file query09.pdb (PDB, C-alpha atoms, pLDDT in the B column)
ATOM      1  CA  MET A  38      18.622 -17.832   1.835  1.00 73.00           C
ATOM      2  CA  TYR A  39      15.845 -16.077  -0.078  1.00 90.00           C
ATOM      3  CA  ASP A  40      17.370 -16.735  -3.494  1.00 92.00           C
ATOM      4  CA  ALA A  41      17.568 -20.483  -2.938  1.00 93.00           C
ATOM      5  CA  LEU A  42      14.015 -20.622  -1.619  1.00 94.00           C
ATOM      6  CA  LEU A  43      12.694 -18.561  -4.529  1.00 95.00           C
ATOM      7  CA  ARG A  44      14.402 -20.879  -7.006  1.00 96.00           C
ATOM      8  CA  ASP A  45      12.686 -23.829  -5.357  1.00 96.00           C
ATOM      9  CA  LEU A  46       9.306 -22.095  -5.493  1.00 96.00           C
ATOM     10  CA  VAL A  47       9.711 -21.254  -9.185  1.00 97.00           C
ATOM     11  CA  ASP A  48      10.686 -24.838  -9.926  1.00 97.00           C
ATOM     12  CA  GLU A  49       7.620 -26.102  -8.072  1.00 97.00           C
ATOM     13  CA  ALA A  50       5.393 -23.649  -9.942  1.00 97.00           C
ATOM     14  CA  GLY A  51       6.693 -24.999 -13.222  1.00 96.00           C
ATOM     15  CA  HIS A  52       5.570 -28.487 -12.242  1.00 97.00           C
ATOM     16  CA  ASP A  53       2.082 -27.439 -11.112  1.00 97.00           C
ATOM     17  CA  GLU A  54      -0.298 -27.731 -14.063  1.00 95.00           C
ATOM     18  CA  ASP A  55      -2.838 -25.399 -12.418  1.00 97.00           C
ATOM     19  CA  LEU A  56      -0.377 -22.499 -12.084  1.00 97.00           C
ATOM     20  CA  VAL A  57       0.264 -19.948 -14.825  1.00 98.00           C
ATOM     21  CA  GLY A  58       1.998 -17.231 -12.823  1.00 98.00           C
ATOM     22  CA  LEU A  59       4.012 -16.500  -9.698  1.00 98.00           C
ATOM     23  CA  LEU A  60       4.538 -12.951  -8.438  1.00 98.00           C
ATOM     24  CA  LEU A  61       6.762 -11.894  -5.557  1.00 98.00           C
ATOM     25  CA  THR A  62       5.322  -8.830  -3.804  1.00 97.00           C
ATOM     26  CA  GLY A  63       6.109  -6.771  -0.728  1.00 94.00           C
ATOM     27  CA  SER A  64       9.380  -5.367   0.560  1.00 95.00           C
ATOM     28  CA  LEU A  65      11.578  -8.101  -0.901  1.00 94.00           C
ATOM     29  CA  ALA A  66      10.246  -7.375  -4.384  1.00 96.00           C
ATOM     30  CA  ARG A  67      10.713  -3.617  -3.884  1.00 94.00           C
ATOM     31  CA  GLY A  68      14.252  -4.076  -2.595  1.00 93.00           C
ATOM     32  CA  ASP A  69      13.739  -2.497   0.836  1.00 93.00           C
ATOM     33  CA  ALA A  70      13.317  -5.634   2.944  1.00 92.00           C
ATOM     34  CA  LEU A  71      14.780  -5.911   6.423  1.00 91.00           C
ATOM     35  CA  PRO A  72      16.459  -9.109   7.665  1.00 90.00           C
ATOM     36  CA  GLY A  73      13.895 -11.712   8.658  1.00 90.00           C
ATOM     37  CA  THR A  74      11.137 -10.401   6.405  1.00 92.00           C
ATOM     38  CA  ASP A  75       8.534 -12.828   5.129  1.00 94.00           C
ATOM     39  CA  LEU A  76       7.885 -13.763   1.506  1.00 95.00           C
ATOM     40  CA  ASP A  77       4.665 -12.399   0.001  1.00 96.00           C
ATOM     41  CA  LEU A  78       3.615 -14.428  -3.028  1.00 98.00           C
ATOM     42  CA  ARG A  79       0.688 -14.240  -5.430  1.00 98.00           C
ATOM     43  CA  TYR A  80      -0.069 -17.306  -7.535  1.00 98.00           C
ATOM     44  CA  ILE A  81      -2.158 -17.015 -10.686  1.00 98.00           C
ATOM     45  CA  LEU A  82      -4.175 -20.147 -11.389  1.00 98.00           C
ATOM     46  CA  THR A  83      -5.724 -21.428 -14.590  1.00 97.00           C
ATOM     47  CA  ASP A  84      -9.191 -20.048 -15.347  1.00 96.00           C
ATOM     48  CA  GLY A  85     -11.847 -21.010 -12.815  1.00 96.00           C
ATOM     49  CA  GLN A  86      -9.417 -22.486 -10.264  1.00 96.00           C
ATOM     50  CA  SER A  87      -9.119 -21.299  -6.678  1.00 94.00           C
ATOM     51  CA  ARG A  88      -7.149 -22.193  -3.569  1.00 96.00           C
ATOM     52  CA  PRO A  89      -7.285 -20.855  -0.003  1.00 97.00           C
ATOM     53  CA  PHE A  90      -4.724 -18.406   1.319  1.00 97.00           C
ATOM     54  CA  SER A  91      -1.776 -20.184   2.895  1.00 96.00           C
ATOM     55  CA  SER A  92       0.686 -19.118   5.583  1.00 97.00           C
ATOM     56  CA  GLU A  93       3.538 -21.467   6.444  1.00 95.00           C
ATOM     57  CA  SER A  94       7.149 -21.492   7.562  1.00 95.00           C
ATOM     58  CA  ARG A  95       9.707 -22.983   5.230  1.00 93.00           C
ATOM     59  CA  ASP A  96      13.453 -23.075   5.734  1.00 87.00           C
ATOM     60  CA  GLY A  97      12.992 -20.557   8.524  1.00 91.00           C
ATOM     61  CA  VAL A  98      11.078 -18.100   6.306  1.00 94.00           C
ATOM     62  CA  LEU A  99       7.382 -17.278   6.617  1.00 96.00           C
ATOM     63  CA  LEU A 100       5.579 -17.723   3.295  1.00 96.00           C
ATOM     64  CA  GLU A 101       2.341 -15.791   2.741  1.00 97.00           C
ATOM     65  CA  GLN A 102       0.705 -17.288  -0.365  1.00 97.00           C
ATOM     66  CA  GLY A 103      -2.415 -15.926  -2.056  1.00 97.00           C
ATOM     67  CA  TYR A 104      -4.168 -17.495  -5.059  1.00 98.00           C
ATOM     68  CA  SER A 105      -6.573 -16.335  -7.768  1.00 97.00           C
ATOM     69  CA  ASP A 106      -7.134 -16.836 -11.464  1.00 97.00           C
ATOM     70  CA  ALA A 107      -6.382 -14.061 -13.956  1.00 98.00           C
ATOM     71  CA  ALA A 108      -9.976 -12.842 -14.191  1.00 98.00           C
ATOM     72  CA  ALA A 109     -10.319 -12.511 -10.424  1.00 97.00           C
ATOM     73  CA  GLU A 110      -6.985 -10.739 -10.156  1.00 98.00           C
ATOM     74  CA  ALA A 111      -7.944  -8.306 -12.922  1.00 98.00           C
ATOM     75  CA  ALA A 112     -11.254  -7.617 -11.161  1.00 97.00           C
ATOM     76  CA  LYS A 113      -9.414  -6.796  -7.927  1.00 96.00           C
ATOM     77  CA  ILE A 114      -7.248  -4.239  -9.717  1.00 97.00           C
ATOM     78  CA  ASP A 115     -10.343  -2.505 -11.074  1.00 95.00           C
ATOM     79  CA  ALA A 116     -12.412  -2.707  -7.898  1.00 95.00           C
ATOM     80  CA  GLN A 117      -9.701  -2.021  -5.317  1.00 94.00           C
ATOM     81  CA  PRO A 118      -7.067   0.412  -6.610  1.00 95.00           C
ATOM     82  CA  MET A 119      -4.712  -0.447  -3.731  1.00 96.00           C
ATOM     83  CA  ASN A 120      -4.044  -3.724  -5.571  1.00 96.00           C
ATOM     84  CA  VAL A 121      -2.142  -1.932  -8.331  1.00 98.00           C
ATOM     85  CA  TYR A 122       0.917  -1.718  -6.094  1.00 97.00           C
ATOM     86  CA  ALA A 123       1.380  -5.480  -5.841  1.00 97.00           C
ATOM     87  CA  HIS A 124       1.792  -5.593  -9.613  1.00 98.00           C
ATOM     88  CA  LEU A 125       3.721  -2.351 -10.067  1.00 97.00           C
ATOM     89  CA  ASP A 126       6.191  -3.195  -7.295  1.00 97.00           C
ATOM     90  CA  GLY A 127       6.082  -6.948  -7.797  1.00 97.00           C
ATOM     91  CA  ARG A 128       8.771  -9.138  -9.276  1.00 98.00           C
ATOM     92  CA  ILE A 129       7.491 -11.651 -11.813  1.00 98.00           C
ATOM     93  CA  LEU A 130       9.080 -15.020 -11.099  1.00 98.00           C
ATOM     94  CA  TYR A 131       7.106 -17.283 -13.403  1.00 98.00           C
ATOM     95  CA  ASP A 132       4.891 -16.204 -16.305  1.00 98.00           C
ATOM     96  CA  PRO A 133       5.037 -18.624 -19.251  1.00 97.00           C
ATOM     97  CA  GLN A 134       1.824 -17.307 -20.844  1.00 97.00           C
ATOM     98  CA  GLY A 135       2.394 -13.607 -20.152  1.00 98.00           C
ATOM     99  CA  VAL A 136      -0.577 -13.394 -17.776  1.00 98.00           C
ATOM    100  CA  LEU A 137       1.276 -11.385 -15.133  1.00 98.00           C
ATOM    101  CA  ALA A 138       2.748  -9.066 -17.751  1.00 98.00           C
ATOM    102  CA  ARG A 139      -0.789  -8.246 -18.921  1.00 98.00           C
ATOM    103  CA  LEU A 140      -1.932  -7.686 -15.344  1.00 98.00           C
ATOM    104  CA  ARG A 141       0.983  -5.319 -14.790  1.00 98.00           C
ATOM    105  CA  ARG A 142      -0.016  -3.273 -17.833  1.00 98.00           C
ATOM    106  CA  GLN A 143      -3.575  -3.122 -16.492  1.00 98.00           C
ATOM    107  CA  ALA A 144      -2.289  -2.001 -13.088  1.00 98.00           C
ATOM    108  CA  GLN A 145      -0.138   0.712 -14.661  1.00 98.00           C
ATOM    109  CA  LYS A 146      -3.088   2.049 -16.650  1.00 97.00           C
ATOM    110  CA  ARG A 147      -5.264   2.015 -13.512  1.00 97.00           C
ATOM    111  CA  PHE A 148      -2.592   3.943 -11.632  1.00 97.00           C
ATOM    112  CA  ASP A 149      -2.052   6.485 -14.414  1.00 96.00           C
ATOM    113  CA  THR A 150      -5.762   7.217 -14.901  1.00 96.00           C
ATOM    114  CA  TYR A 151      -6.865   7.063 -11.254  1.00 96.00           C
ATOM    115  CA  GLN A 152      -9.286   9.750 -10.081  1.00 96.00           C
ATOM    116  CA  VAL A 153     -10.499  10.235  -6.515  1.00 96.00           C
ATOM    117  CA  SER A 154     -14.300  10.341  -6.421  1.00 95.00           C
ATOM    118  CA  GLU A 155     -16.103  13.428  -5.168  1.00 96.00           C
ATOM    119  CA  GLN A 156     -17.682  11.341  -2.417  1.00 96.00           C
ATOM    120  CA  GLU A 157     -14.269  10.164  -1.215  1.00 96.00           C
ATOM    121  CA  ARG A 158     -12.905  13.727  -1.318  1.00 96.00           C
ATOM    122  CA  SER A 159     -15.849  15.019   0.687  1.00 97.00           C
ATOM    123  CA  THR A 160     -15.721  12.221   3.269  1.00 97.00           C
ATOM    124  CA  THR A 161     -11.962  12.506   3.744  1.00 97.00           C
ATOM    125  CA  ASP A 162     -12.190  16.287   4.141  1.00 98.00           C
ATOM    126  CA  PHE A 163     -14.954  15.984   6.745  1.00 98.00           C
ATOM    127  CA  LEU A 164     -13.114  13.358   8.804  1.00 97.00           C
ATOM    128  CA  LEU A 165      -9.885  15.350   8.767  1.00 98.00           C
ATOM    129  CA  GLN A 166     -11.786  18.452   9.847  1.00 98.00           C
ATOM    130  CA  CYS A 167     -13.106  16.483  12.832  1.00 98.00           C
ATOM    131  CA  CYS A 168      -9.546  15.505  13.792  1.00 98.00           C
ATOM    132  CA  GLN A 169      -8.348  19.071  13.295  1.00 98.00           C
ATOM    133  CA  ASP A 170     -11.090  20.485  15.518  1.00 98.00           C
ATOM    134  CA  LYS A 171     -10.406  17.973  18.297  1.00 98.00           C
ATOM    135  CA  ILE A 172      -6.680  18.707  18.297  1.00 98.00           C
ATOM    136  CA  LYS A 173      -7.222  22.473  18.390  1.00 98.00           C
ATOM    137  CA  VAL A 174      -9.721  22.206  21.228  1.00 98.00           C
ATOM    138  CA  ALA A 175      -7.302  20.007  23.191  1.00 98.00           C
ATOM    139  CA  LEU A 176      -4.400  22.415  22.657  1.00 98.00           C
ATOM    140  CA  ALA A 177      -6.527  25.412  23.609  1.00 98.00           C
ATOM    141  CA  GLY A 178      -7.449  23.601  26.804  1.00 98.00           C
ATOM    142  CA  GLY A 179      -3.835  22.750  27.614  1.00 98.00           C
ATOM    143  CA  ASP A 180      -4.400  19.015  27.200  1.00 98.00           C
ATOM    144  CA  LEU A 181      -1.393  17.858  25.170  1.00 98.00           C
ATOM    145  CA  LEU A 182      -2.106  14.222  25.950  1.00 98.00           C
ATOM    146  CA  LYS A 183      -5.534  14.418  24.304  1.00 98.00           C
ATOM    147  CA  ALA A 184      -4.058  16.247  21.302  1.00 98.00           C
ATOM    148  CA  ALA A 185      -1.379  13.554  21.022  1.00 98.00           C
ATOM    149  CA  PHE A 186      -3.974  10.799  21.212  1.00 98.00           C
ATOM    150  CA  VAL A 187      -5.985  12.304  18.350  1.00 98.00           C
ATOM    151  CA  THR A 188      -2.754  12.776  16.399  1.00 97.00           C
ATOM    152  CA  GLY A 189      -1.876   9.109  16.838  1.00 96.00           C
ATOM    153  CA  THR A 190      -5.299   7.792  15.927  1.00 97.00           C
ATOM    154  CA  ALA A 191      -5.494  10.115  12.897  1.00 95.00           C
ATOM    155  CA  SER A 192      -2.227   8.980  11.303  1.00 96.00           C
ATOM    156  CA  TRP A 193      -3.816   6.574   8.818  1.00 97.00           C
ATOM    157  CA  ARG A 194      -6.506   9.123   8.020  1.00 96.00           C
ATOM    158  CA  LEU A 195      -3.677  11.507   7.162  1.00 97.00           C
ATOM    159  CA  MET A 196      -2.218   8.980   4.745  1.00 98.00           C
ATOM    160  CA  GLU A 197      -5.612   8.590   3.081  1.00 97.00           C
ATOM    161  CA  GLY A 198      -5.818  12.348   2.786  1.00 98.00           C
ATOM    162  CA  LEU A 199      -2.336  12.752   1.341  1.00 98.00           C
ATOM    163  CA  TRP A 200      -2.985  10.284  -1.455  1.00 98.00           C
ATOM    164  CA  ALA A 201      -6.470  11.639  -2.118  1.00 97.00           C
ATOM    165  CA  ALA A 202      -5.119  15.199  -2.338  1.00 98.00           C
ATOM    166  CA  ASN A 203      -2.555  13.944  -4.876  1.00 97.00           C
ATOM    167  CA  ASN A 204      -5.176  11.976  -6.813  1.00 96.00           C
ATOM    168  CA  ARG A 205      -3.328   8.703  -6.347  1.00 97.00           C
ATOM    169  CA  PRO A 206      -4.552   5.307  -5.098  1.00 97.00           C
ATOM    170  CA  LEU A 207      -3.625   4.709  -1.478  1.00 97.00           C
ATOM    171  CA  PRO A 208      -0.906   2.043  -1.050  1.00 97.00           C
ATOM    172  CA  PRO A 209      -1.142  -0.762   1.509  1.00 95.00           C
ATOM    173  CA  ASN A 210       0.159   0.105   4.974  1.00 93.00           C
ATOM    174  CA  SER A 211       3.606  -1.416   4.434  1.00 91.00           C
ATOM    175  CA  SER A 212       4.016   0.385   1.095  1.00 95.00           C
ATOM    176  CA  VAL A 213       3.186   3.918   2.250  1.00 97.00           C
ATOM    177  CA  ARG A 214       6.729   5.007   3.050  1.00 96.00           C
ATOM    178  CA  PRO A 215       8.355   3.792  -0.209  1.00 95.00           C
ATOM    179  CA  HIS A 216       5.562   5.395  -2.230  1.00 97.00           C
ATOM    180  CA  LEU A 217       5.878   8.852  -0.721  1.00 97.00           C
ATOM    181  CA  LYS A 218       8.003   9.487  -3.807  1.00 94.00           C
ATOM    182  CA  ASP A 219       4.827   9.278  -5.940  1.00 94.00           C
ATOM    183  CA  LEU A 220       3.355  12.364  -4.301  1.00 97.00           C
ATOM    184  CA  ALA A 221       3.676  15.814  -5.857  1.00 96.00           C
ATOM    185  CA  GLY A 222       3.231  17.508  -2.480  1.00 96.00           C
ATOM    186  CA  PRO A 223       3.456  18.818   0.084  1.00 97.00           C
ATOM    187  CA  PRO A 224       7.080  19.972  -0.233  1.00 95.00           C
ATOM    188  CA  ASP A 225       9.518  17.776   1.710  1.00 95.00           C
ATOM    189  CA  VAL A 226       6.776  15.209   2.283  1.00 97.00           C
ATOM    190  CA  GLU A 227       9.290  12.522   3.281  1.00 97.00           C
ATOM    191  CA  ALA A 228      10.767  14.788   5.959  1.00 97.00           C
ATOM    192  CA  LEU A 229       7.274  15.627   7.215  1.00 97.00           C
ATOM    193  CA  TYR A 230       6.463  11.920   7.367  1.00 98.00           C
ATOM    194  CA  ALA A 231       9.565  11.290   9.480  1.00 98.00           C
ATOM    195  CA  ARG A 232       8.718  14.157  11.819  1.00 98.00           C
ATOM    196  CA  LEU A 233       5.128  12.934  12.118  1.00 97.00           C
ATOM    197  CA  PHE A 234       6.269   9.622  13.593  1.00 97.00           C
ATOM    198  CA  LEU A 235       9.678  10.341  15.160  1.00 98.00           C
ATOM    199  CA  ALA A 236       9.561  13.897  16.517  1.00 98.00           C
ATOM    200  CA  GLU A 237       8.723  14.898  20.074  1.00 98.00           C
ATOM    201  CA  THR A 238       5.018  15.033  20.876  1.00 98.00           C
ATOM    202  CA  PRO A 239       4.387  18.781  20.467  1.00 98.00           C
ATOM    203  CA  GLU A 240       6.080  18.770  17.059  1.00 98.00           C
ATOM    204  CA  ARG A 241       4.134  15.690  15.944  1.00 98.00           C
ATOM    205  CA  VAL A 242       0.903  17.476  16.826  1.00 98.00           C
ATOM    206  CA  GLN A 243       1.925  20.566  14.857  1.00 98.00           C
ATOM    207  CA  VAL A 244       2.988  18.516  11.828  1.00 98.00           C
ATOM    208  CA  THR A 245      -0.425  16.835  11.897  1.00 98.00           C
ATOM    209  CA  LEU A 246      -2.162  20.205  11.809  1.00 98.00           C
ATOM    210  CA  GLU A 247       0.110  21.393   8.980  1.00 98.00           C
ATOM    211  CA  LEU A 248      -0.649  18.304   6.920  1.00 98.00           C
ATOM    212  CA  ILE A 249      -4.392  18.573   7.541  1.00 98.00           C
ATOM    213  CA  ASP A 250      -4.328  22.206   6.391  1.00 98.00           C
ATOM    214  CA  TRP A 251      -2.441  21.263   3.208  1.00 98.00           C
ATOM    215  CA  ILE A 252      -4.699  18.315   2.435  1.00 98.00           C
ATOM    216  CA  ARG A 253      -7.995  20.076   3.074  1.00 98.00           C
ATOM    217  CA  ALA A 254      -7.023  23.034   0.895  1.00 98.00           C
ATOM    218  CA  ARG A 255      -6.648  20.617  -2.029  1.00 96.00           C
ATOM    219  CA  LEU A 256      -9.704  18.499  -1.353  1.00 96.00           C
ATOM    220  CA  ALA A 257     -12.057  21.480  -1.212  1.00 89.00           C
TER     221      ALA A 257
END

call {"tool": "encode", "arguments": {"input": "query09.pdb", "output": "structure tokens"}}
result
Amino acid sequence: MYDALLRDLVDEAGHDEDLVGLLLTGSLARGDALPGTDLDLRYILTDGQSRPFSSESRDGVLLEQGYSDAAAEAAKIDAQPMNVYAHLDGRILYDPQGVLARLRRQAQKRFDTYQVSEQERSTTDFLLQCCQDKIKVALAGGDLLKAAFVTGTASWRLMEGLWAANNRPLPPNSSVRPHLKDLAGPPDVEALYARLFLAETPERVQVTLELIDWIRARLA
């Protein structure tokens, strides 16, 4: 189903004089898509052109289509490091002028040379300390529900901290799990991630505290 639809989209791109690139992103490009997943597509337009984001159903598949010209796409990679993952994970479907290949090289360089700013390190450390303190106070007071609530609301903050402690750009939400492999630590980070979200509540709270300790020691 996806292959036939992608062939149609590539054929259409080849007949659109304002398009110079088509990139498939997301789980289908990475190879970890579940049945029924949508298609995430980035179209590169000729210089100075723009089109609004489009979301539509086609042949029973949801298409999420974003548009920008090469200069705007390059600026996004520089300004928002999270955008490197679309190009590093993406599958180039149409690139007659090599525009997407150049953007991928830029994204790889941005990824390889990325450095977390001191301000980001300091802010992340402070916010994780706040979460840590709240959880410890709740546990000391015998209020597991409150500790679990803080644990749940702190989960994205933990992801920010993990990538900051590893000096890597944070991936988009849906790309966090596949990119755990990029992290140098903590040991068994994929197992810790699974326990953080699937274990019983007391264990999830303890894993959160363990991760905060590991992260803060490396942000200091």

call {"tool": "atom_distance", "arguments": {"input": "query09.pdb", "atom1": "atom CA of A:Arg128", "atom2": "atom CA of A:Leu78"}}
result
9.7 Å

call {"tool": "residues_around", "arguments": {"input": "query09.pdb", "residues": "stretch 136-149 of chain A", "least_positions_apart": "6", "cutoff": "9 Å", "atoms": "only C-alpha atoms", "output": "number ranges by chain"}}
result
A: 57-60, 81, 107, 110-111, 114-115, 118, 120-125, 127, 129, 205-206

call {"tool": "write_last_selection", "arguments": {"input": "query09.pdb", "atoms": "C-alpha atoms", "output": "mmCIF file, keeping the file's coordinate frame"}}
result
data_model
loop_
_atom_site.group_PDB
_atom_site.id
_atom_site.type_symbol
_atom_site.label_atom_id
_atom_site.label_comp_id
_atom_site.auth_asym_id
_atom_site.auth_seq_id
_atom_site.Cartn_x
_atom_site.Cartn_y
_atom_site.Cartn_z
ATOM 1 C CA VAL A 57 0.264 -19.948 -14.825
ATOM 2 C CA GLY A 58 1.998 -17.231 -12.823
ATOM 3 C CA LEU A 59 4.012 -16.500 -9.698
ATOM 4 C CA LEU A 60 4.538 -12.951 -8.438
ATOM 5 C CA ILE A 81 -2.158 -17.015 -10.686
ATOM 6 C CA ALA A 107 -6.382 -14.061 -13.956
ATOM 7 C CA GLU A 110 -6.985 -10.739 -10.156
ATOM 8 C CA ALA A 111 -7.944 -8.306 -12.922
ATOM 9 C CA ILE A 114 -7.248 -4.239 -9.717
ATOM 10 C CA ASP A 115 -10.343 -2.505 -11.074
ATOM 11 C CA PRO A 118 -7.067 0.412 -6.610
ATOM 12 C CA ASN A 120 -4.044 -3.724 -5.571
ATOM 13 C CA VAL A 121 -2.142 -1.932 -8.331
ATOM 14 C CA TYR A 122 0.917 -1.718 -6.094
ATOM 15 C CA ALA A 123 1.380 -5.480 -5.841
ATOM 16 C CA HIS A 124 1.792 -5.593 -9.613
ATOM 17 C CA LEU A 125 3.721 -2.351 -10.067
ATOM 18 C CA GLY A 127 6.082 -6.948 -7.797
ATOM 19 C CA ILE A 129 7.491 -11.651 -11.813
ATOM 20 C CA ARG A 205 -3.328 8.703 -6.347
ATOM 21 C CA PRO A 206 -4.552 5.307 -5.098
#

call {"tool": "residues_around", "arguments": {"input": "query09.pdb", "residues": "A:Ala201", "least_positions_apart": "3", "cutoff": "10 Å", "atoms": "all atoms listed in the file", "output": "number ranges by chain"}}
result
A: 152-154, 157-158, 161-162, 195-198, 204-207, 252, 255-256

call {"tool": "closest_residue", "arguments": {"input": "query09.pdb", "among": "A:Leu199, A:Ala109, A:Glu237, A:Pro209", "to": "A:Pro223", "atoms": "only C-alpha atoms"}}
result
A:Leu199

call {"tool": "atom_distance", "arguments": {"input": "query09.pdb", "atom1": "atom CA of A:Thr150", "atom2": "atom CA of A:Lys113"}}
result
16.1 Å

call {"tool": "closest_residue", "arguments": {"input": "query09.pdb", "among": "A:Trp251, A:Phe90, A:Phe186, A:Tyr131", "to": "A:Pro224", "atoms": "all atoms listed in the file"}}
result
A:Trp251

call {"tool": "residues_near_point", "arguments": {"input": "query09.pdb", "point": "(0.4, 9.1, 12.4)", "cutoff": "9 Å", "atoms": "only C-alpha atoms", "output": "PyMOL selection string"}}
result
chain A and resi 188-196+230+233-234+241+245

call {"tool": "write_last_selection", "arguments": {"input": "query09.pdb", "atoms": "C-alpha atoms", "output": "compact mmCIF listing (two decimals), in the frame of the given file"}}
result
# COMPACT_ATOMS: atom_id res chain seq x y z
CA THR A 188 -2.75 12.78 16.40
CA GLY A 189 -1.88 9.11 16.84
CA THR A 190 -5.30 7.79 15.93
CA ALA A 191 -5.49 10.12 12.90
CA SER A 192 -2.23 8.98 11.30
CA TRP A 193 -3.82 6.57 8.82
CA ARG A 194 -6.51 9.12 8.02
CA LEU A 195 -3.68 11.51 7.16
CA MET A 196 -2.22 8.98 4.74
CA TYR A 230 6.46 11.92 7.37
CA LEU A 233 5.13 12.93 12.12
CA PHE A 234 6.27 9.62 13.59
CA ARG A 241 4.13 15.69 15.94
CA THR A 245 -0.42 16.84 11.90

call {"tool": "atom_distance", "arguments": {"input": "query09.pdb", "atom1": "atom CA of A:Ala70", "atom2": "atom CA of A:Ala221"}}
result
25.1 Å

call {"tool": "residues_around", "arguments": {"input": "query09.pdb", "residues": "A:Arg67", "least_positions_apart": "2", "cutoff": "9 Å", "atoms": "all atoms listed in the file", "output": "list in words"}}
result
Thr62, Gly63, Ser64, Leu65, Asp69, Ala70, Asp126, Gly127, Arg128 and Pro215 of chain A

call {"tool": "resolve_selection", "arguments": {"input": "query09.pdb", "expression": "the PyMOL selection byres ((chain A and resi 40) around 12)", "output": "list in words"}}
result
Met38, Tyr39, Ala41, Leu42, Leu43, Arg44, Asp45, Leu46, Val47, Leu61, Leu65, Ala66, Leu76, Asp96, Val98 and Leu130 of chain A

call {"tool": "write_last_selection", "arguments": {"input": "query09.pdb", "atoms": "C-alpha atoms", "output": "mmCIF file, in the frame of the given file"}}
result
data_model
loop_
_atom_site.group_PDB
_atom_site.id
_atom_site.type_symbol
_atom_site.label_atom_id
_atom_site.label_comp_id
_atom_site.auth_asym_id
_atom_site.auth_seq_id
_atom_site.Cartn_x
_atom_site.Cartn_y
_atom_site.Cartn_z
ATOM 1 C CA MET A 38 18.622 -17.832 1.835
ATOM 2 C CA TYR A 39 15.845 -16.077 -0.078
ATOM 3 C CA ALA A 41 17.568 -20.483 -2.938
ATOM 4 C CA LEU A 42 14.015 -20.622 -1.619
ATOM 5 C CA LEU A 43 12.694 -18.561 -4.529
ATOM 6 C CA ARG A 44 14.402 -20.879 -7.006
ATOM 7 C CA ASP A 45 12.686 -23.829 -5.357
ATOM 8 C CA LEU A 46 9.306 -22.095 -5.493
ATOM 9 C CA VAL A 47 9.711 -21.254 -9.185
ATOM 10 C CA LEU A 61 6.762 -11.894 -5.557
ATOM 11 C CA LEU A 65 11.578 -8.101 -0.901
ATOM 12 C CA ALA A 66 10.246 -7.375 -4.384
ATOM 13 C CA LEU A 76 7.885 -13.763 1.506
ATOM 14 C CA ASP A 96 13.453 -23.075 5.734
ATOM 15 C CA VAL A 98 11.078 -18.100 6.306
ATOM 16 C CA LEU A 130 9.080 -15.020 -11.099
#

call {"tool": "closest_residue", "arguments": {"input": "query09.pdb", "among": "A:Leu164, A:Ala116, A:Leu56, A:Leu71", "to": "A:Tyr104", "atoms": "only C-alpha atoms"}}
result
A:Leu56

call {"tool": "residues_near_point", "arguments": {"input": "query09.pdb", "point": "(-3.7, 14.1, 23.3)", "cutoff": "12 Å", "atoms": "all atoms listed in the file", "output": "VMD selection string"}}
result
chain A and resid 168 171 to 191 238 to 239 241 to 242

call {"tool": "residues_around", "arguments": {"input": "query09.pdb", "residues": "A:Ala254", "least_positions_apart": "5", "cutoff": "10 Å", "atoms": "only C-alpha atoms", "output": "MDAnalysis selection string"}}
result
chainID A and resid 162 202 248:249

call {"tool": "axis_aligned_box", "arguments": {"input": "query09.pdb", "around": "stretch 170-175 of chain A", "padding_each_side": "8 Å", "output": "lines of an AutoDock Vina configuration file"}}
result
center_x = -8.9
center_y = 20.2
center_z = 19.4
size_x = 20.4
size_y = 20.5
size_z = 23.7

call {"tool": "resolve_selection", "arguments": {"input": "query09.pdb", "expression": "the PyMOL selection byres ((chain A and resi 84) around 7)", "output": "ChimeraX atom specification"}}
result
/A:82-83,85-86,106-107

call {"tool": "residues_around", "arguments": {"input": "query09.pdb", "residues": "A:Gly103", "least_positions_apart": "4", "cutoff": "9 Å", "atoms": "all atoms listed in the file", "output": "ChimeraX atom specification"}}
result
/A:77-81,88-92

call {"tool": "closest_residue", "arguments": {"input": "query09.pdb", "among": "A:Asn203, A:Arg232, A:Glu155, A:Glu54", "to": "A:Lys218", "atoms": "only C-alpha atoms"}}
result
A:Asn203

call {"tool": "decode", "arguments": {"input": "query09.pdb", "residues": "stretch 92-110 of chain A", "atoms": "C-alpha atoms", "output": "mmCIF file, in the first residue's frame"}}
result
data_model
loop_
_atom_site.group_PDB
_atom_site.id
_atom_site.type_symbol
_atom_site.label_atom_id
_atom_site.label_comp_id
_atom_site.auth_asym_id
_atom_site.auth_seq_id
_atom_site.Cartn_x
_atom_site.Cartn_y
_atom_site.Cartn_z
ATOM 1 C CA SER A 92 -2.795 17.132 6.007
ATOM 2 C CA GLU A 93 -5.029 14.874 3.932
ATOM 3 C CA SER A 94 -6.144 11.278 3.589
ATOM 4 C CA ARG A 95 -5.281 9.460 0.403
ATOM 5 C CA ASP A 96 -5.947 5.822 -0.383
ATOM 6 C CA GLY A 97 -6.690 5.315 3.295
ATOM 7 C CA VAL A 98 -3.350 6.802 4.414
ATOM 8 C CA LEU A 99 -2.915 10.116 6.221
ATOM 9 C CA LEU A 100 -0.397 12.346 4.438
ATOM 10 C CA GLU A 101 1.364 15.043 6.474
ATOM 11 C CA GLN A 102 3.078 17.349 3.962
ATOM 12 C CA GLY A 103 5.415 20.207 4.869
ATOM 13 C CA TYR A 104 7.010 22.631 2.393
ATOM 14 C CA SER A 105 10.010 24.969 2.363
ATOM 15 C CA ASP A 106 12.728 26.062 -0.014
ATOM 16 C CA ALA A 107 16.329 24.938 0.474
ATOM 17 C CA ALA A 108 17.433 28.117 2.242
ATOM 18 C CA ALA A 109 14.609 27.929 4.772
ATOM 19 C CA GLU A 110 15.252 24.251 5.394
#
